[in-house]
file model_19.txt (compact mmCIF, C-alpha atoms and all ligand atoms)
# COMPACT_ATOMS: atom_id res chain seq x y z
CA MET F 1 -54.08 9.65 119.73
CA ALA F 2 -54.18 11.37 123.14
CA SER F 3 -55.56 9.18 125.93
CA ARG F 4 -58.77 9.82 127.84
CA ASP F 5 -56.97 10.75 131.08
CA ALA F 6 -54.67 13.26 129.33
CA LEU F 7 -54.56 16.79 130.77
CA GLU F 8 -54.43 20.12 128.94
CA PHE F 9 -52.44 23.14 130.11
CA PRO F 10 -53.22 25.98 127.69
CA GLU F 11 -50.40 27.90 126.01
CA SER F 12 -51.90 31.14 127.40
CA ASP F 13 -51.27 29.93 130.98
CA ARG F 14 -47.63 28.97 130.40
CA GLY F 15 -45.99 32.39 130.03
CA PHE F 16 -46.16 33.40 133.68
CA LEU F 17 -44.32 30.27 134.77
CA GLU F 18 -41.41 30.66 132.37
CA PRO F 19 -39.21 32.86 134.63
CA GLN F 20 -39.64 30.27 137.40
CA LEU F 21 -38.58 27.26 135.34
CA PRO F 22 -35.18 25.60 134.84
CA PRO F 23 -33.24 27.04 131.86
CA GLN F 24 -33.89 24.94 128.75
CA ASP F 25 -30.21 24.94 127.76
CA GLY F 26 -29.50 22.66 130.74
CA SER F 27 -27.41 25.27 132.55
CA THR F 28 -27.66 25.20 136.34
CA PRO F 29 -27.15 27.89 139.00
CA ARG F 30 -24.55 25.84 140.94
CA PRO F 31 -21.89 23.64 139.32
CA ASP F 32 -22.64 19.90 139.53
CA MET F 33 -25.99 20.56 141.18
CA PRO F 34 -29.37 20.37 139.50
CA PHE F 35 -31.80 23.30 139.33
CA THR F 36 -34.20 22.49 142.16
CA THR F 37 -37.87 23.38 142.34
CA LEU F 38 -39.78 22.77 145.56
CA THR F 39 -43.44 22.39 144.66
CA PHE F 40 -46.49 21.03 146.44
CA ALA F 41 -50.17 21.68 147.08
CA THR F 42 -51.27 22.83 150.50
CA SER F 43 -54.45 23.65 152.38
CA LEU F 44 -54.97 26.99 154.14
CA ASP F 45 -53.75 25.33 157.36
CA SER F 46 -50.53 24.14 155.70
CA SER F 47 -51.53 20.49 155.33
CA LEU F 48 -50.42 18.29 152.46
CA ALA F 49 -52.79 15.50 153.42
CA ILE F 50 -55.72 15.13 155.80
CA SER F 51 -53.94 12.52 157.94
CA PRO F 52 -50.69 10.55 157.89
CA GLY F 53 -50.58 7.74 155.37
CA THR F 54 -53.38 9.08 153.19
CA ARG F 55 -53.59 10.73 149.79
CA THR F 56 -55.65 13.94 149.66
CA VAL F 57 -56.73 15.79 146.55
CA LEU F 58 -56.07 19.51 147.01
CA SER F 59 -55.37 20.86 143.51
CA GLY F 60 -58.27 21.73 141.25
CA PRO F 61 -58.17 20.75 137.56
CA GLN F 62 -56.29 23.86 136.39
CA SER F 63 -53.55 23.79 139.02
CA LYS F 64 -53.23 20.02 138.60
CA ALA F 65 -52.57 20.59 134.89
CA MET F 66 -49.98 23.21 135.90
CA THR F 67 -48.22 20.64 138.09
CA HIS F 68 -48.09 18.25 135.15
CA TYR F 69 -46.63 21.02 132.99
CA LEU F 70 -43.97 21.51 135.69
CA ARG F 71 -43.31 17.77 135.57
CA SER F 72 -42.77 18.02 131.80
CA ARG F 73 -40.15 20.76 132.37
CA HIS F 74 -38.05 18.82 134.89
CA ASP F 75 -35.83 15.77 134.37
CA GLY F 76 -36.77 14.25 137.72
CA ILE F 77 -39.53 14.30 140.36
CA LEU F 78 -38.36 13.60 143.89
CA ILE F 79 -40.47 12.33 146.76
CA GLY F 80 -39.80 10.75 150.15
CA VAL F 81 -40.69 7.14 150.83
CA GLY F 82 -43.56 8.31 153.08
CA THR F 83 -45.24 9.68 149.97
CA ALA F 84 -44.60 6.51 147.96
CA LEU F 85 -46.17 4.44 150.76
CA ALA F 86 -49.16 6.75 151.31
CA ASP F 87 -50.00 7.63 147.71
CA ASP F 88 -48.86 4.83 145.41
CA PRO F 89 -48.19 7.74 143.01
CA GLY F 90 -47.82 7.68 139.23
CA LEU F 91 -45.28 10.53 139.10
CA ASN F 92 -45.50 10.77 135.33
CA CYS F 93 -46.60 13.66 133.14
CA ARG F 94 -50.09 13.24 131.73
CA LEU F 95 -50.17 16.31 129.49
CA THR F 96 -51.35 15.81 125.94
CA GLY F 97 -48.36 15.74 123.62
CA VAL F 98 -45.75 14.17 125.89
CA GLY F 99 -44.46 10.61 125.43
CA GLY F 100 -47.22 8.09 126.16
CA TYR F 101 -49.93 10.76 125.81
CA GLY F 102 -50.19 11.32 122.09
CA LYS F 103 -46.50 11.01 121.31
CA GLU F 104 -44.24 8.02 120.69
CA GLY F 105 -41.53 7.20 123.24
CA LEU F 106 -41.15 8.80 126.64
CA GLU F 107 -40.07 12.33 125.70
CA GLY F 108 -41.16 14.81 128.36
CA GLN F 109 -41.51 12.12 131.03
CA PRO F 110 -39.56 12.92 134.22
CA ARG F 111 -37.58 10.33 136.16
CA PRO F 112 -39.26 9.50 139.50
CA ILE F 113 -36.71 9.60 142.34
CA VAL F 114 -37.71 8.14 145.72
CA ILE F 115 -35.64 8.88 148.84
CA ASP F 116 -35.84 5.60 150.72
CA PRO F 117 -32.80 5.34 153.02
CA SER F 118 -33.62 1.86 154.36
CA ALA F 119 -35.49 0.44 151.32
CA ARG F 120 -38.89 0.42 153.07
CA TRP F 121 -40.96 0.80 149.90
CA ASP F 122 -42.42 -2.61 149.10
CA PHE F 123 -43.20 -1.99 145.44
CA SER F 124 -44.57 -4.64 143.10
CA ASP F 125 -45.77 -5.02 139.49
CA ASP F 126 -49.10 -3.59 140.72
CA SER F 127 -47.58 -0.34 141.95
CA LYS F 128 -48.91 2.55 139.86
CA LEU F 129 -45.43 3.57 138.75
CA PHE F 130 -44.69 0.14 137.31
CA GLN F 131 -48.11 -0.12 135.65
CA LEU F 132 -47.32 3.14 133.86
CA CYS F 133 -43.92 1.78 132.81
CA ARG F 134 -45.58 -1.26 131.25
CA GLN F 135 -48.03 1.00 129.41
CA GLY F 136 -45.18 3.11 128.01
CA ARG F 137 -46.40 6.14 129.97
CA GLY F 138 -43.66 6.73 132.48
CA LEU F 139 -40.08 6.04 133.45
CA ALA F 140 -39.04 3.54 136.13
CA PRO F 141 -37.89 5.11 139.41
CA TRP F 142 -34.45 5.64 140.83
CA ILE F 143 -34.48 4.84 144.54
CA VAL F 144 -31.92 6.65 146.69
CA THR F 145 -30.95 4.45 149.61
CA SER F 146 -28.24 4.42 152.24
CA LEU F 147 -28.05 0.60 152.20
CA PRO F 148 -24.78 -0.61 150.66
CA GLU F 149 -26.62 -3.74 149.42
CA PRO F 150 -30.31 -3.13 148.66
CA PRO F 151 -32.54 -6.24 148.92
CA ALA F 152 -31.77 -8.48 145.94
CA GLN F 153 -35.40 -9.14 144.94
CA LYS F 154 -36.25 -5.44 144.95
CA LYS F 155 -33.13 -4.64 142.97
CA GLU F 156 -34.00 -7.26 140.37
CA LYS F 157 -37.58 -6.03 140.01
CA LEU F 158 -36.49 -2.41 139.76
CA GLU F 159 -33.86 -3.14 137.14
CA GLN F 160 -36.33 -5.28 135.16
CA TYR F 161 -38.28 -2.05 134.56
CA GLY F 162 -35.19 0.05 133.86
CA GLY F 163 -34.97 1.61 137.32
CA ARG F 164 -32.07 1.44 139.75
CA PHE F 165 -30.95 1.89 143.33
CA LEU F 166 -28.56 4.79 143.99
CA GLN F 167 -26.45 5.16 147.08
CA LEU F 168 -27.42 8.13 149.27
CA LYS F 169 -26.43 11.53 147.86
CA MET F 170 -25.81 10.11 144.36
CA VAL F 171 -28.21 11.79 142.00
CA THR F 172 -25.92 11.91 139.00
CA LEU F 173 -24.67 8.73 137.40
CA ASP F 174 -20.98 8.15 136.70
CA ASP F 175 -21.47 7.48 133.00
CA GLY F 176 -23.14 10.88 132.60
CA GLN F 177 -25.79 9.41 130.30
CA HIS F 178 -28.65 9.95 132.67
CA ARG F 179 -27.65 13.33 133.98
CA ILE F 180 -30.34 15.18 135.88
CA ASP F 181 -30.15 18.94 135.30
CA CYS F 182 -33.33 19.88 137.07
CA VAL F 183 -35.38 18.20 139.72
CA MET F 184 -38.83 18.92 141.03
CA ILE F 185 -39.31 18.03 144.69
CA GLU F 186 -42.96 17.25 145.42
CA GLY F 187 -42.80 16.19 149.07
CA GLY F 188 -43.92 14.96 151.45
CA ALA F 189 -43.80 16.96 154.60
CA GLN F 190 -40.62 15.52 156.09
CA VAL F 191 -38.71 16.13 152.87
CA ILE F 192 -40.03 19.71 152.54
CA ASN F 193 -39.53 20.59 156.23
CA SER F 194 -35.95 19.34 156.15
CA LEU F 195 -35.18 21.28 152.97
CA LEU F 196 -36.48 24.47 154.56
CA GLU F 197 -33.95 24.21 157.40
CA PRO F 198 -31.13 26.79 157.25
CA GLN F 199 -28.43 24.31 156.21
CA SER F 200 -30.47 23.09 153.21
CA MET F 201 -32.52 26.02 151.98
CA SER F 202 -29.79 27.27 149.64
CA LEU F 203 -30.32 24.09 147.60
CA ILE F 204 -33.77 25.30 146.53
CA ASP F 205 -33.88 27.48 143.41
CA ARG F 206 -37.63 28.01 143.20
CA VAL F 207 -40.70 27.38 145.29
CA ILE F 208 -44.04 26.88 143.53
CA VAL F 209 -46.95 26.20 145.88
CA THR F 210 -50.58 25.53 144.98
CA ILE F 211 -52.85 26.81 147.75
CA ALA F 212 -56.32 25.27 147.81
CA PRO F 213 -59.20 27.16 149.48
CA THR F 214 -59.82 24.61 152.21
CA TRP F 215 -58.85 23.92 155.80
CA LEU F 216 -58.12 20.23 156.32
CA GLY F 217 -58.24 20.58 160.10
CA GLN F 218 -56.03 19.36 162.92
CA GLY F 219 -54.15 16.11 162.49
CA GLY F 220 -53.02 16.73 158.92
CA VAL F 221 -49.56 16.18 157.44
CA VAL F 222 -48.19 19.67 157.91
CA VAL F 223 -45.51 21.75 156.20
CA SER F 224 -43.91 23.64 159.07
CA PRO F 225 -40.13 23.72 159.29
CA PRO F 226 -38.40 23.68 162.69
CA ARG F 227 -38.48 26.89 164.77
CA ARG F 228 -35.56 29.31 164.44
CA PHE F 229 -34.29 31.77 167.02
CA ASP F 230 -32.22 34.93 166.81
CA GLY F 231 -29.05 35.53 168.84
CA GLU F 232 -31.15 36.68 171.82
CA GLY F 233 -33.31 33.58 171.84
CA ASN F 234 -36.39 35.21 170.29
CA ALA F 235 -38.40 33.09 167.87
CA ILE F 236 -38.10 34.25 164.26
CA SER F 237 -39.72 33.02 161.07
CA ALA F 238 -38.28 29.73 159.86
CA ALA F 239 -38.10 30.68 156.18
CA ARG F 240 -39.42 33.42 153.93
CA LEU F 241 -39.77 33.89 150.21
CA LYS F 242 -38.61 36.81 148.07
CA ASN F 243 -39.49 37.81 144.48
CA VAL F 244 -42.98 36.52 145.10
CA ARG F 245 -45.60 36.20 142.36
CA TRP F 246 -49.19 35.00 142.72
CA TYR F 247 -51.39 33.54 140.01
CA PRO F 248 -55.03 32.46 140.34
CA PHE F 249 -55.86 29.07 138.80
CA GLY F 250 -59.56 28.26 139.00
CA GLU F 251 -60.36 28.23 142.73
CA ASP F 252 -56.68 27.78 143.69
CA VAL F 253 -53.85 30.28 143.81
CA VAL F 254 -50.29 29.45 142.81
CA LEU F 255 -47.46 31.17 144.69
CA CYS F 256 -43.97 31.33 143.15
CA GLY F 257 -40.86 32.67 144.83
CA GLN F 258 -37.27 32.14 145.91
CA VAL F 259 -36.18 31.34 149.44
CA ARG F 260 -34.62 34.38 151.09
CA ILE F 261 -31.25 33.16 152.34
N1 LIG R 301 -50.21 17.88 148.62
C1 LIG R 301 -49.05 17.60 148.05
O1 LIG R 301 -48.60 18.31 147.13
C2 LIG R 301 -48.26 16.43 148.51
C3 LIG R 301 -48.71 15.63 149.52
N2 LIG R 301 -47.94 14.61 150.00
C4 LIG R 301 -48.42 13.88 151.17
O2 LIG R 301 -47.40 13.87 152.16
C5 LIG R 301 -47.54 12.67 152.94
C6 LIG R 301 -46.19 12.04 153.10
O3 LIG R 301 -45.34 12.91 153.79
P1 LIG R 301 -44.38 12.35 154.93
O4 LIG R 301 -45.10 11.32 155.72
O5 LIG R 301 -43.81 13.53 155.65
O6 LIG R 301 -43.28 11.52 154.13
P2 LIG R 301 -42.14 11.94 153.08
O7 LIG R 301 -42.64 11.68 151.71
O8 LIG R 301 -41.54 13.26 153.40
O9 LIG R 301 -41.09 10.76 153.38
C7 LIG R 301 -40.48 10.68 154.64
C8 LIG R 301 -39.30 9.74 154.54
O10 LIG R 301 -38.39 10.22 153.54
C9 LIG R 301 -37.05 10.10 154.01
N3 LIG R 301 -36.53 11.47 154.17
C10 LIG R 301 -37.23 12.63 154.33
N4 LIG R 301 -36.41 13.68 154.42
C11 LIG R 301 -35.16 13.17 154.32
C12 LIG R 301 -33.87 13.76 154.34
N5 LIG R 301 -33.70 15.08 154.49
N6 LIG R 301 -32.80 12.94 154.19
C13 LIG R 301 -32.95 11.61 154.03
N7 LIG R 301 -34.15 11.00 154.00
C14 LIG R 301 -35.23 11.76 154.15
C15 LIG R 301 -37.10 9.36 155.34
O11 LIG R 301 -36.97 7.98 155.07
C16 LIG R 301 -38.50 9.67 155.84
O12 LIG R 301 -39.00 8.64 156.67
C17 LIG R 301 -48.53 11.77 152.22
O13 LIG R 301 -49.74 11.77 152.94
C18 LIG R 301 -48.70 12.42 150.87
O14 LIG R 301 -50.01 12.25 150.38
C19 LIG R 301 -46.74 14.31 149.43
C20 LIG R 301 -46.26 15.04 148.40
C21 LIG R 301 -46.98 16.18 147.87
N1 LIG R 302 -49.99 19.19 142.95
C1 LIG R 302 -50.56 18.28 143.78
N2 LIG R 302 -51.82 18.46 144.17
C2 LIG R 302 -52.41 17.59 145.00
O1 LIG R 302 -53.67 17.80 145.37
C3 LIG R 302 -51.71 16.46 145.46
N3 LIG R 302 -52.32 15.56 146.29
C4 LIG R 302 -50.37 16.31 144.99
N4 LIG R 302 -49.67 15.25 145.39
C5 LIG R 302 -48.43 14.88 144.78
O2 LIG R 302 -48.66 14.25 143.52
C6 LIG R 302 -48.39 12.87 143.64
C7 LIG R 302 -49.43 12.05 142.93
O3 LIG R 302 -49.12 12.06 141.61
P1 LIG R 302 -49.91 11.17 140.53
O4 LIG R 302 -51.21 11.88 140.28
O5 LIG R 302 -50.15 9.82 141.15
O6 LIG R 302 -49.02 11.14 139.36
C8 LIG R 302 -48.36 12.56 145.10
O7 LIG R 302 -47.60 11.44 145.43
C9 LIG R 302 -47.73 13.84 145.61
O8 LIG R 302 -46.34 13.88 145.34
N5 LIG R 302 -49.82 17.22 144.17
call {"tool": "encode", "arguments": {"input": "model_19.txt", "output": "structure tokens"}}
result
Amino acid sequence: MASRDALEFPESDRGFLEPQLPPQDGSTPRPDMPFTTLTFATSLDSSLAISPGTRTVLSGPQSKAMTHYLRSRHDGILIGVGTALADDPGLNCRLTGVGGYGKEGLEGQPRPIVIDPSARWDFSDDSKLFQLCRQGRGLAPWIVTSLPEPPAQKKEKLEQYGGRFLQLKMVTLDDGQHRIDCVMIEGGAQVINSLLEPQSMSLIDRVIVTIAPTWLGQGGVVVSPPRRFDGEGNAISAARLKNVRWYPFGEDVVLCGQVRI
């Protein structure tokens, strides 16, 4: 039986997204690299959240359901530790019909991946992610850290739930059993801004942004990559999309495109 908090994303709304999604045969555009989707919800003034350290609802019900459909079509969801600390997120897929939401097992549930170079995230059994694991509604996270020896207690807790620490830059396991072919990067701002820098933007295969009809005002957590300059020192745009498509979803609009390299 589907649970009360399950979301619906109608079949009729799925077609437009298909050309933007990772191929279902597991093929990837670059060898040994996952298909990468950068996706987030923003205000009209480019804020992800109303102030640092807070969680802000921007997506309406339809675009939220779209995000959960995207989650069902990716193997992993990546966030920075700032987002883990601010949001205590679930990072599972709550669409009717995926594992834990009307279906046995965890099929369709993405692997949460948290970039936490110095193991700052002080997770516990009460963290939303681990509650969902206990309820059979989500996978335990992989935490990417640069520490050679992550704190023993955190490691034990994480492994108790089936999660693990990965050394920085390791997103594919040696045994190949937990290969990630496609990853959905949700944020936050530091992660997105760094990916939109010239040296990283070629790693992004698709950008899917939900734009909510609101201005959050000054002091928000802003997506705005570092300034770029041409050879004569004139400011130029930091990044631009090509092959752009727009789709209205309730009061929100969803923008899909590819970064112009
Ligand atoms: N509206 C939306 O769709 C979303 C909103 N958010 C919001 O964003 C805010 C969090 O954003 P931020 O504070 O910017 O934190 P963040 O989630 O970007 O995490 C920042 C941390 O991640 C690590 N990190 C980031 N980029 C890295 C890189 N290139 N290499 C290695 N490590 C890196 C660093 O440890 C850094 O301190 C929260 O308020 C959250 O609610 C987060 C995700 C989506
Ligand atoms: N698509 C979208 N719309 C919003 O309005 C948001 N605030 C976010 N935030 C992202 O979703 C994570 C929360 O996920 P759960 O609902 O807890 O599963 C949050 O951490 C951000 O990554 N996204």
call {"tool": "closest_residue", "arguments": {"input": "model_19.txt", "among": "F:His68, F:Arg120, F:Arg14, F:Arg73", "to": "ligand LIG 301 (chain R)", "atoms": "all atoms listed in the file"}}
result
F:Arg120
call {"tool": "residues_near_ligand", "arguments": {"input": "model_19.txt", "ligand": "ligand LIG 302 (chain R)", "cutoff": "9 Å", "atoms": "all atoms listed in the file", "output": "ChimeraX atom specification"}}
result
/F:39-42,48-49,55-60,63-68,77-80,83-94,128-129,185-188,209-210,212
call {"tool": "residues_around", "arguments": {"input": "model_19.txt", "residues": "segment 15-25 of chain F", "least_positions_apart": "2", "cutoff": "9 Å", "atoms": "all atoms listed in the file", "output": "list in words"}}
result
Glu11, Ser12, Asp13, Ser27, Thr28, Phe35, Thr36, Thr37, Leu70, Arg73, His74, Asp181, Cys182, Val183, Asp205, Arg206, Val207, Ile208, Tyr247, Cys256 and Gly257 of chain F
call {"tool": "axis_aligned_box", "arguments": {"input": "model_19.txt", "around": "segment 9-20 of chain F", "padding_each_side": "4 Å", "output": "lines of an AutoDock Vina configuration file"}}
result
center_x = -46.2
center_y = 28.3
center_z = 131.7
size_x = 22.0
size_y = 18.3
size_z = 19.4
call {"tool": "atom_distance", "arguments": {"input": "model_19.txt", "atom1": "atom CA of Leu44 of chain F", "atom2": "atom CA of Val221 of chain F"}}
result
12.5 Å
call {"tool": "atom_distance", "arguments": {"input": "model_19.txt", "atom1": "atom CA of Gly102 of chain F", "atom2": "atom CA of Ala6 of chain F"}}
result
8.7 Å
call {"tool": "residues_around", "arguments": {"input": "model_19.txt", "residues": "segment 230-237 of chain F", "least_positions_apart": "4", "cutoff": "12 Å", "atoms": "only C-alpha atoms", "output": "list in words"}}
result
Leu196, Glu197, Pro198, Ser224, Pro225, Pro226, Leu241 and Arg260 of chain F
call {"tool": "closest_residue", "arguments": {"input": "model_19.txt", "among": "F:Ala238, F:Leu158, F:Ala119, F:Val244", "to": "Ser146 of chain F", "atoms": "only C-alpha atoms"}}
result
F:Ala119
call {"tool": "atom_distance", "arguments": {"input": "model_19.txt", "atom1": "atom CA of Thr145 of chain F", "atom2": "atom CA of Ile115 of chain F"}}
result
6.5 Å
call {"tool": "closest_residue", "arguments": {"input": "model_19.txt", "among": "F:Glu107, F:Asp32, F:Glu8, F:Asp116", "to": "ligand LIG 301 (chain R)", "atoms": "only C-alpha atoms and all ligand atoms"}}
result
F:Asp116
call {"tool": "closest_residue", "arguments": {"input": "model_19.txt", "among": "F:Arg134, F:Leu106, F:Phe123, F:Pro52", "to": "Lys154 of chain F", "atoms": "only C-alpha atoms"}}
result
F:Phe123
call {"tool": "closest_residue", "arguments": {"input": "model_19.txt", "among": "F:Ile50, F:Leu95, F:Val81, F:Met201", "to": "Gly220 of chain F", "atoms": "all atoms listed in the file"}}
result
F:Ile50
call {"tool": "closest_residue", "arguments": {"input": "model_19.txt", "among": "F:Ser3, F:Gln167, F:Gln131, F:Gln153", "to": "ligand LIG 301 (chain R)", "atoms": "all atoms listed in the file"}}
result
F:Gln167
call {"tool": "residues_around", "arguments": {"input": "model_19.txt", "residues": "Val223 of chain F", "least_positions_apart": "6", "cutoff": "7 Å", "atoms": "all atoms listed in the file", "output": "ChimeraX atom specification"}}
result
/F:46-47,189,192-193
call {"tool": "residues_around", "arguments": {"input": "model_19.txt", "residues": "Pro248 of chain F", "least_positions_apart": "5", "cutoff": "10 Å", "atoms": "only C-alpha atoms", "output": "VMD selection string"}}
result
chain F and resid 62 to 63 210 to 211 253 to 255
call {"tool": "residues_around", "arguments": {"input": "model_19.txt", "residues": "Glu159 of chain F", "least_positions_apart": "6", "cutoff": "10 Å", "atoms": "all atoms listed in the file", "output": "list in words"}}
result
Ala140, Pro141, Trp142, Gln153 and Phe165 of chain F
